[in-house]
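Okay, input-v6.cif now, which holds mmCIF, C-alpha atoms:
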```
data_start
#
loop_
_atom_site.group_PDB
_atom_site.id
_atom_site.type_symbol
_atom_site.label_atom_id
_atom_site.label_comp_id
_atom_site.auth_asym_id
_atom_site.auth_seq_id
_atom_site.Cartn_x
_atom_site.Cartn_y
_atom_site.Cartn_z
ATOM 1 C CA VAL A 26 -12.050 0.027 -18.910
ATOM 2 C CA ILE A 27 -12.732 -3.076 -16.794
ATOM 3 C CA ALA A 28 -15.443 -4.240 -19.214
ATOM 4 C CA LYS A 29 -13.044 -3.844 -22.155
ATOM 5 C CA LEU A 30 -10.332 -5.803 -20.363
ATOM 6 C CA LEU A 31 -12.766 -8.620 -19.658
ATOM 7 C CA LEU A 32 -14.617 -8.763 -22.968
ATOM 8 C CA PHE A 33 -12.434 -7.418 -25.781
ATOM 9 C CA PRO A 34 -10.669 -10.129 -27.833
ATOM 10 C CA SER A 35 -7.644 -7.892 -28.556
ATOM 11 C CA LYS A 36 -4.304 -8.192 -26.711
ATOM 12 C CA PHE A 37 -4.650 -4.650 -25.359
ATOM 13 C CA ILE A 38 -7.244 -1.876 -25.113
ATOM 14 C CA ASP A 39 -7.275 1.863 -25.739
ATOM 15 C CA ILE A 40 -7.821 3.794 -22.474
ATOM 16 C CA SER A 41 -7.547 7.299 -23.951
ATOM 17 C CA ASP A 42 -11.251 8.046 -23.289
ATOM 18 C CA PHE A 43 -10.805 7.147 -19.621
ATOM 19 C CA ALA A 44 -7.583 9.164 -19.364
ATOM 20 C CA LYS A 45 -9.265 12.246 -20.848
ATOM 21 C CA SER A 46 -12.157 12.044 -18.392
ATOM 22 C CA TRP A 47 -10.034 11.198 -15.332
ATOM 23 C CA LYS A 48 -9.343 14.147 -13.022
ATOM 24 C CA TRP A 49 -6.213 14.324 -10.854
ATOM 25 C CA TYR A 50 -7.407 16.315 -7.810
ATOM 26 C CA ASP A 51 -10.062 17.982 -10.002
ATOM 27 C CA GLU A 52 -7.482 18.879 -12.653
ATOM 28 C CA PRO A 53 -7.099 17.259 -16.115
ATOM 29 C CA VAL A 54 -4.303 14.690 -16.293
ATOM 30 C CA ASN A 55 -0.992 15.847 -17.756
ATOM 31 C CA PHE A 56 -0.011 12.898 -19.966
ATOM 32 C CA HIS A 57 3.611 14.053 -20.053
ATOM 33 C CA ALA A 58 4.058 14.045 -16.259
ATOM 34 C CA GLN A 59 4.520 10.871 -14.237
ATOM 35 C CA GLN A 60 1.688 10.123 -11.822
ATOM 36 C CA ASP A 61 2.221 7.981 -8.735
ATOM 37 C CA ALA A 62 0.478 4.615 -9.082
ATOM 38 C CA ALA A 63 -0.411 4.262 -5.397
ATOM 39 C CA GLU A 64 -1.849 7.765 -5.351
ATOM 40 C CA PHE A 65 -3.925 6.939 -8.430
ATOM 41 C CA VAL A 66 -5.378 3.829 -6.759
ATOM 42 C CA GLN A 67 -6.147 5.838 -3.604
ATOM 43 C CA LEU A 68 -8.013 8.492 -5.632
ATOM 44 C CA LEU A 69 -9.853 5.834 -7.641
ATOM 45 C CA LEU A 70 -11.040 4.001 -4.522
ATOM 46 C CA ASN A 71 -12.021 7.285 -2.858
ATOM 47 C CA GLN A 72 -14.266 8.060 -5.828
ATOM 48 C CA LEU A 73 -15.639 4.526 -5.850
ATOM 49 C CA MET A 74 -16.551 4.996 -2.185
ATOM 50 C CA GLU A 75 -18.839 7.861 -3.208
ATOM 51 C CA HIS A 76 -20.537 6.086 -6.120
ATOM 52 C CA LEU A 77 -20.083 2.351 -5.456
ATOM 53 C CA PRO A 78 -19.400 1.804 -1.737
ATOM 54 C CA VAL A 79 -19.622 -1.995 -1.915
ATOM 55 C CA ALA A 80 -16.709 -2.185 -4.370
ATOM 56 C CA SER A 81 -14.380 0.088 -2.400
ATOM 57 C CA GLU A 82 -15.172 -1.681 0.887
ATOM 58 C CA LEU A 83 -13.433 -4.782 -0.465
ATOM 59 C CA PHE A 84 -10.128 -2.889 -0.143
ATOM 60 C CA GLN A 85 -10.801 -1.068 3.131
ATOM 61 C CA GLY A 86 -9.031 -2.019 6.352
ATOM 62 C CA GLU A 87 -8.478 -0.277 9.649
ATOM 63 C CA ILE A 88 -5.393 0.601 11.721
ATOM 64 C CA CYS A 89 -5.600 1.160 15.480
ATOM 65 C CA HIS A 90 -3.262 3.798 16.951
ATOM 66 C CA LYS A 91 -3.075 3.467 20.757
ATOM 67 C CA THR A 92 -1.226 6.087 22.815
ATOM 68 C CA VAL A 93 -0.203 5.105 26.348
ATOM 69 C CA GLY A 94 1.413 7.371 28.953
ATOM 70 C CA THR A 95 4.670 6.066 30.415
ATOM 71 C CA ASN A 96 4.929 8.520 33.329
ATOM 72 C CA PHE A 97 1.235 9.371 33.611
ATOM 73 C CA ASP A 98 -1.951 7.309 33.636
ATOM 74 C CA PHE A 99 -3.269 8.020 30.166
ATOM 75 C CA THR A 100 -4.645 5.954 27.263
ATOM 76 C CA SER A 101 -6.070 7.126 23.959
ATOM 77 C CA GLN A 102 -7.114 5.106 20.928
ATOM 78 C CA VAL A 103 -7.821 6.262 17.371
ATOM 79 C CA ASN A 104 -8.882 4.059 14.453
ATOM 80 C CA GLU A 105 -7.805 5.021 10.930
ATOM 81 C CA LYS A 106 -9.309 3.504 7.787
ATOM 82 C CA PHE A 107 -7.037 2.666 4.859
ATOM 83 C CA PHE A 108 -7.179 1.399 1.294
ATOM 84 C CA ILE A 109 -3.414 1.038 0.883
ATOM 85 C CA PHE A 110 -1.152 -0.265 3.637
ATOM 86 C CA PRO A 111 2.310 1.408 3.423
ATOM 87 C CA LEU A 112 5.464 -0.525 4.331
ATOM 88 C CA GLU A 113 8.856 0.955 5.171
ATOM 89 C CA VAL A 114 11.487 -0.656 2.924
ATOM 90 C CA ASN A 115 14.535 1.484 3.678
ATOM 91 C CA GLY A 116 16.847 -0.708 5.759
ATOM 92 C CA HIS A 117 14.617 -3.758 5.379
ATOM 93 C CA SER A 118 14.944 -6.742 3.052
ATOM 94 C CA CYS A 119 11.518 -8.418 3.301
ATOM 95 C CA VAL A 120 7.887 -7.944 4.312
ATOM 96 C CA GLU A 121 8.450 -9.603 7.694
ATOM 97 C CA GLU A 122 11.113 -7.007 8.608
ATOM 98 C CA SER A 123 8.803 -4.197 7.508
ATOM 99 C CA PHE A 124 6.032 -5.641 9.702
ATOM 100 C CA LYS A 125 8.386 -5.518 12.709
ATOM 101 C CA ALA A 126 9.158 -1.867 11.919
ATOM 102 C CA PHE A 127 5.409 -1.128 11.778
ATOM 103 C CA LEU A 128 4.988 -2.576 15.287
ATOM 104 C CA MET A 129 7.753 -0.395 16.759
ATOM 105 C CA PRO A 130 6.034 2.281 18.892
ATOM 106 C CA ASP A 131 6.471 6.003 18.368
ATOM 107 C CA VAL A 132 8.195 7.449 21.459
ATOM 108 C CA PHE A 133 7.213 10.892 22.776
ATOM 109 C CA GLU A 134 9.899 12.120 25.176
ATOM 110 C CA GLY A 135 12.127 15.168 25.739
ATOM 111 C CA GLU A 136 11.271 17.940 23.305
ATOM 112 C CA ASP A 137 8.757 15.630 21.583
ATOM 113 C CA GLN A 138 6.552 14.927 24.591
ATOM 114 C CA TYR A 139 2.867 14.154 24.021
ATOM 115 C CA GLU A 140 0.536 16.981 25.039
ATOM 116 C CA ILE A 141 -2.803 16.369 26.731
ATOM 117 C CA GLU A 142 -5.399 19.097 27.060
ATOM 118 C CA SER A 143 -5.799 20.303 30.682
ATOM 119 C CA VAL A 144 -2.819 18.180 31.768
ATOM 120 C CA GLY A 145 0.166 19.283 29.718
ATOM 121 C CA LYS A 146 3.048 17.301 28.284
ATOM 122 C CA ILE A 147 3.779 13.705 29.268
ATOM 123 C CA ASN A 148 6.062 10.892 28.165
ATOM 124 C CA ALA A 149 4.153 8.426 26.027
ATOM 125 C CA LYS A 150 4.360 5.658 23.449
ATOM 126 C CA ARG A 151 2.045 5.153 20.487
ATOM 127 C CA PHE A 152 1.473 1.591 19.295
ATOM 128 C CA HIS A 153 0.049 0.528 15.936
ATOM 129 C CA TRP A 154 -1.869 -2.586 14.903
ATOM 130 C CA ILE A 155 -4.322 -3.593 12.217
ATOM 131 C CA SER A 156 -7.740 -3.815 13.830
ATOM 132 C CA LYS A 157 -9.667 -4.804 10.702
ATOM 133 C CA SER A 158 -8.145 -6.605 7.728
ATOM 134 C CA PRO A 159 -9.471 -5.863 4.231
ATOM 135 C CA GLN A 160 -10.759 -8.589 1.928
ATOM 136 C CA ILE A 161 -8.239 -7.494 -0.715
ATOM 137 C CA LEU A 162 -4.933 -6.159 0.634
ATOM 138 C CA ILE A 163 -2.856 -3.585 -1.253
ATOM 139 C CA LEU A 164 0.683 -3.122 0.071
ATOM 140 C CA GLN A 165 2.662 -0.040 -0.902
ATOM 141 C CA LEU A 166 6.441 -0.267 -0.593
ATOM 142 C CA LYS A 167 7.573 3.219 0.470
ATOM 143 C CA ARG A 168 10.300 3.431 -2.132
ATOM 144 C CA PHE A 169 10.259 7.242 -2.237
ATOM 145 C CA SER A 170 11.259 9.739 0.445
ATOM 146 C CA TYR A 171 11.230 13.530 0.605
ATOM 147 C CA ASN A 172 14.640 15.199 0.740
ATOM 148 C CA ILE A 173 14.319 18.364 2.838
ATOM 149 C CA LYS A 174 17.614 19.785 1.527
ATOM 150 C CA THR A 175 16.744 19.480 -2.170
ATOM 151 C CA GLY A 176 12.976 19.804 -1.818
ATOM 152 C CA LYS A 177 12.540 16.806 -4.088
ATOM 153 C CA ARG A 178 11.109 13.328 -3.779
ATOM 154 C CA GLU A 179 13.765 10.645 -4.166
ATOM 155 C CA LYS A 180 13.918 6.892 -4.326
ATOM 156 C CA THR A 181 15.283 5.430 -1.097
ATOM 157 C CA CYS A 182 18.759 3.913 -1.318
ATOM 158 C CA HIS A 183 17.405 0.531 -0.306
ATOM 159 C CA GLY A 184 14.405 0.764 -2.604
ATOM 160 C CA LEU A 185 16.648 1.582 -5.547
ATOM 161 C CA ASN A 186 19.574 -0.805 -5.143
ATOM 162 C CA ASN A 187 18.617 -3.721 -2.900
ATOM 163 C CA GLU A 188 16.471 -6.801 -3.199
ATOM 164 C CA TYR A 189 13.201 -6.857 -1.255
ATOM 165 C CA SER A 190 11.381 -10.174 -0.928
ATOM 166 C CA PHE A 191 7.740 -11.021 -0.291
ATOM 167 C CA PRO A 192 6.012 -14.396 -0.008
ATOM 168 C CA LEU A 193 3.369 -15.913 -2.298
ATOM 169 C CA SER A 194 1.169 -16.345 0.775
ATOM 170 C CA LEU A 195 1.142 -13.688 3.522
ATOM 171 C CA ASP A 196 -0.257 -13.958 7.056
ATOM 172 C CA LEU A 197 -1.170 -10.689 8.823
ATOM 173 C CA LYS A 198 -1.412 -12.366 12.230
ATOM 174 C CA SER A 199 1.792 -10.765 13.559
ATOM 175 C CA ILE A 200 0.513 -7.179 13.094
ATOM 176 C CA MET A 201 -3.098 -7.653 14.155
ATOM 177 C CA MET A 202 -4.369 -6.240 17.464
ATOM 178 C CA PRO A 203 -3.338 -8.423 20.441
ATOM 179 C CA GLN A 204 -6.844 -9.835 20.928
ATOM 180 C CA LEU A 205 -6.910 -10.863 17.245
ATOM 181 C CA GLU A 206 -3.386 -12.346 17.106
ATOM 182 C CA GLU A 207 -4.574 -15.948 17.236
ATOM 183 C CA GLU A 208 -6.537 -15.573 14.010
ATOM 184 C CA THR A 209 -4.820 -16.635 10.790
ATOM 185 C CA ILE A 210 -5.440 -14.064 8.068
ATOM 186 C CA LEU A 211 -3.906 -15.295 4.823
ATOM 187 C CA TYR A 212 -3.564 -13.447 1.545
ATOM 188 C CA ASP A 213 -2.440 -14.936 -1.755
ATOM 189 C CA LEU A 214 -0.214 -12.833 -3.983
ATOM 190 C CA ILE A 215 -1.996 -12.100 -7.284
ATOM 191 C CA ALA A 216 -0.258 -8.970 -8.621
ATOM 192 C CA ILE A 217 2.978 -6.974 -8.388
ATOM 193 C CA GLU A 218 3.369 -3.458 -9.741
ATOM 194 C CA MET A 219 6.888 -2.462 -10.746
ATOM 195 C CA HIS A 220 8.522 0.911 -11.367
ATOM 196 C CA SER A 221 11.718 1.521 -13.288
ATOM 197 C CA GLY A 222 13.384 4.909 -13.239
ATOM 198 C CA ASP A 223 13.703 7.573 -10.553
ATOM 199 C CA ALA A 224 11.255 9.678 -8.541
ATOM 200 C CA GLY A 225 10.995 12.245 -11.324
ATOM 201 C CA GLY A 226 10.030 9.870 -14.093
ATOM 202 C CA GLY A 227 10.069 6.307 -15.266
ATOM 203 C CA HIS A 228 7.853 3.475 -16.379
ATOM 204 C CA TYR A 229 5.255 1.249 -14.700
ATOM 205 C CA PHE A 230 4.560 -2.374 -15.590
ATOM 206 C CA SER A 231 3.051 -5.272 -13.692
ATOM 207 C CA PHE A 232 3.047 -9.016 -13.089
ATOM 208 C CA CYS A 233 -0.269 -10.772 -12.473
ATOM 209 C CA GLY A 234 -1.244 -14.344 -11.766
ATOM 210 C CA PRO A 235 -3.777 -16.599 -10.012
ATOM 211 C CA PRO A 236 -3.758 -17.215 -6.234
ATOM 212 C CA CYS A 237 -1.057 -19.597 -5.042
ATOM 213 C CA THR A 238 -3.789 -21.896 -3.717
ATOM 214 C CA SER A 239 -4.836 -22.703 -7.293
ATOM 215 C CA SER A 240 -3.561 -25.838 -8.965
ATOM 216 C CA GLU A 241 -0.020 -25.913 -10.401
ATOM 217 C CA LYS A 242 -1.457 -26.296 -13.891
ATOM 218 C CA MET A 243 -3.289 -22.990 -13.586
ATOM 219 C CA ARG A 244 -0.514 -21.000 -11.916
ATOM 220 C CA SER A 245 0.604 -19.021 -14.946
ATOM 221 C CA TRP A 246 1.925 -15.512 -14.378
ATOM 222 C CA TYR A 247 2.041 -12.804 -17.025
ATOM 223 C CA LYS A 248 3.943 -9.576 -17.453
ATOM 224 C CA PHE A 249 1.792 -6.644 -18.594
ATOM 225 C CA ASP A 250 3.835 -3.858 -20.169
ATOM 226 C CA ASP A 251 1.827 -1.325 -22.196
ATOM 227 C CA THR A 252 0.621 -3.255 -25.254
ATOM 228 C CA GLU A 253 2.550 -6.435 -24.414
ATOM 229 C CA ALA A 254 1.326 -9.342 -22.293
ATOM 230 C CA VAL A 255 3.780 -12.232 -22.044
ATOM 231 C CA LYS A 256 3.921 -15.366 -19.904
ATOM 232 C CA VAL A 257 6.750 -15.406 -17.359
ATOM 233 C CA ASN A 258 8.482 -17.991 -15.211
ATOM 234 C CA LEU A 259 7.322 -17.495 -11.625
ATOM 235 C CA LYS A 260 10.596 -18.877 -10.248
ATOM 236 C CA ASN A 261 12.534 -16.070 -11.935
#
```

Please express the file's structure as structure tokens.
Amino acid sequence: VIAKLLLFPSKFIDISDFAKSWKWYDEPVNFHAQQDAAEFVQLLLNQLMEHLPVASELFQGEICHKTVGTNFDFTSQVNEKFFIFPLEVNGHSCVEESFKAFLMPDVFEGEDQYEIESVGKINAKRFHWISKSPQILILQLKRFSYNIKTGKREKTCHGLNNEYSFPLSLDLKSIMMPQLEEETILYDLIAIEMHSGDAGGGHYFSFCGPPCTSSEKMRSWYKFDDTEAVKVNLKN
């Protein structure tokens, strides 16, 4: 598919051969059912990790989860690797607000105390930072939530009705581990994936363009929507 996109002179390519061979959790893809784009990327990178580790490592970062006792001397640290970094959007209007939400510690108190083997339950807080930034960063806006009452996945109220802004250039410094805070880790926006519809169905399309550090003359963005690829005004 990538080779066709790079080398074919046509405006679009036929990916039916890839779709027929692609397995969704070892099952053939149902073309009539909507598949989650972020989940697809996660599965694709997981498979790349097995067959082409160098390629998948470009997208791999690491989150540090540090649990600290508040009424007992206890510290525990776990590192979790990720390909896609999820951001809470419900109640937030921009990436910076979502970063602040990510830094808010989980509190273990009352009935939700943290349990330590051979000690028992204690009050604790769990902090989160990025300990290793990936070369290519994929952000997932958590626009869907699971409704326990209905048993269905739904678009969040904020994700459905409100504007959410993100910059052309993003610095991860504010969510890096404290000892790495002074480092500037900049990413240029090169692609946005959009979804129209609800959690049960809809349509995906995307906007892609060069890094914002490129010259103004070369900063042309395009909308890719099935067989259509059209130039768009970045300001809009």

I'd like to know which of A:Ile109, A:Ile38, A:Asn148, A:His220 is closest to Leu69 (chain A), using all atoms listed in the file.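 Among A:Ile109, A:Ile38, A:Asn148, A:His220, it is A:Ile109 that comes nearest to Leu69 (chain A).
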
Matched chain/residue IDs from the PyMOL selection byres ((chain A and resi 44-54) around 12), as a list in words: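 On this input, the PyMOL selection byres ((chain A and resi 44-54) around 12) captures Val26, Asp39, Ile40, Ser41, Asp42, Phe43, Asn55, Phe56, His57, Ala58, Gln59, Gln60, Asp61, Ala62, Glu64, Phe65, Val66, Gln67, Leu68, Leu69, Asn71 and Gln72 of chain A.
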
Given the file shown, enumerate the residues that the PyMOL selection byres ((chain A and resi 103-106) around 9) captures and present them as a CSV table (one decimal) with C-alpha atoms, keeping the file's coordinate frame.
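Saved file out09.csv follows:
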```csv
chain,number,residue,atom,x,y,z
A,85,GLN,CA,-10.8,-1.1,3.1
A,86,GLY,CA,-9.0,-2.0,6.4
A,87,GLU,CA,-8.5,-0.3,9.6
A,88,ILE,CA,-5.4,0.6,11.7
A,89,CYS,CA,-5.6,1.2,15.5
A,90,HIS,CA,-3.3,3.8,17.0
A,91,LYS,CA,-3.1,3.5,20.8
A,92,THR,CA,-1.2,6.1,22.8
A,101,SER,CA,-6.1,7.1,24.0
A,102,GLN,CA,-7.1,5.1,20.9
A,107,PHE,CA,-7.0,2.7,4.9
A,108,PHE,CA,-7.2,1.4,1.3
A,156,SER,CA,-7.7,-3.8,13.8
A,157,LYS,CA,-9.7,-4.8,10.7
```

Picked residues, the PyMOL selection byres ((chain A and resi 135) around 12), as a PyMOL selection string: chain A and resi 132-134+136-140+146-149

Neighbouring residues of region 124-128 of chain A were defined as those with any atom within 8 Å, considering only C-alpha atoms; residues of the same chain fewer than 2 positions away were excluded. Please report them as a ChimeraX atom specification. /A:112-113,120-122,130,152-154,199-200

Box for region 213-216 of chain A: with edges along x, y and z, all listed atoms inside and 4 Å added on each side, what are the centre and edge lengths in Å to one decimal, as JSON?
```
{"center_x": -1.3, "center_y": -12.0, "center_z": -5.2, "size_x": 10.2, "size_y": 14.0, "size_z": 14.9}
```
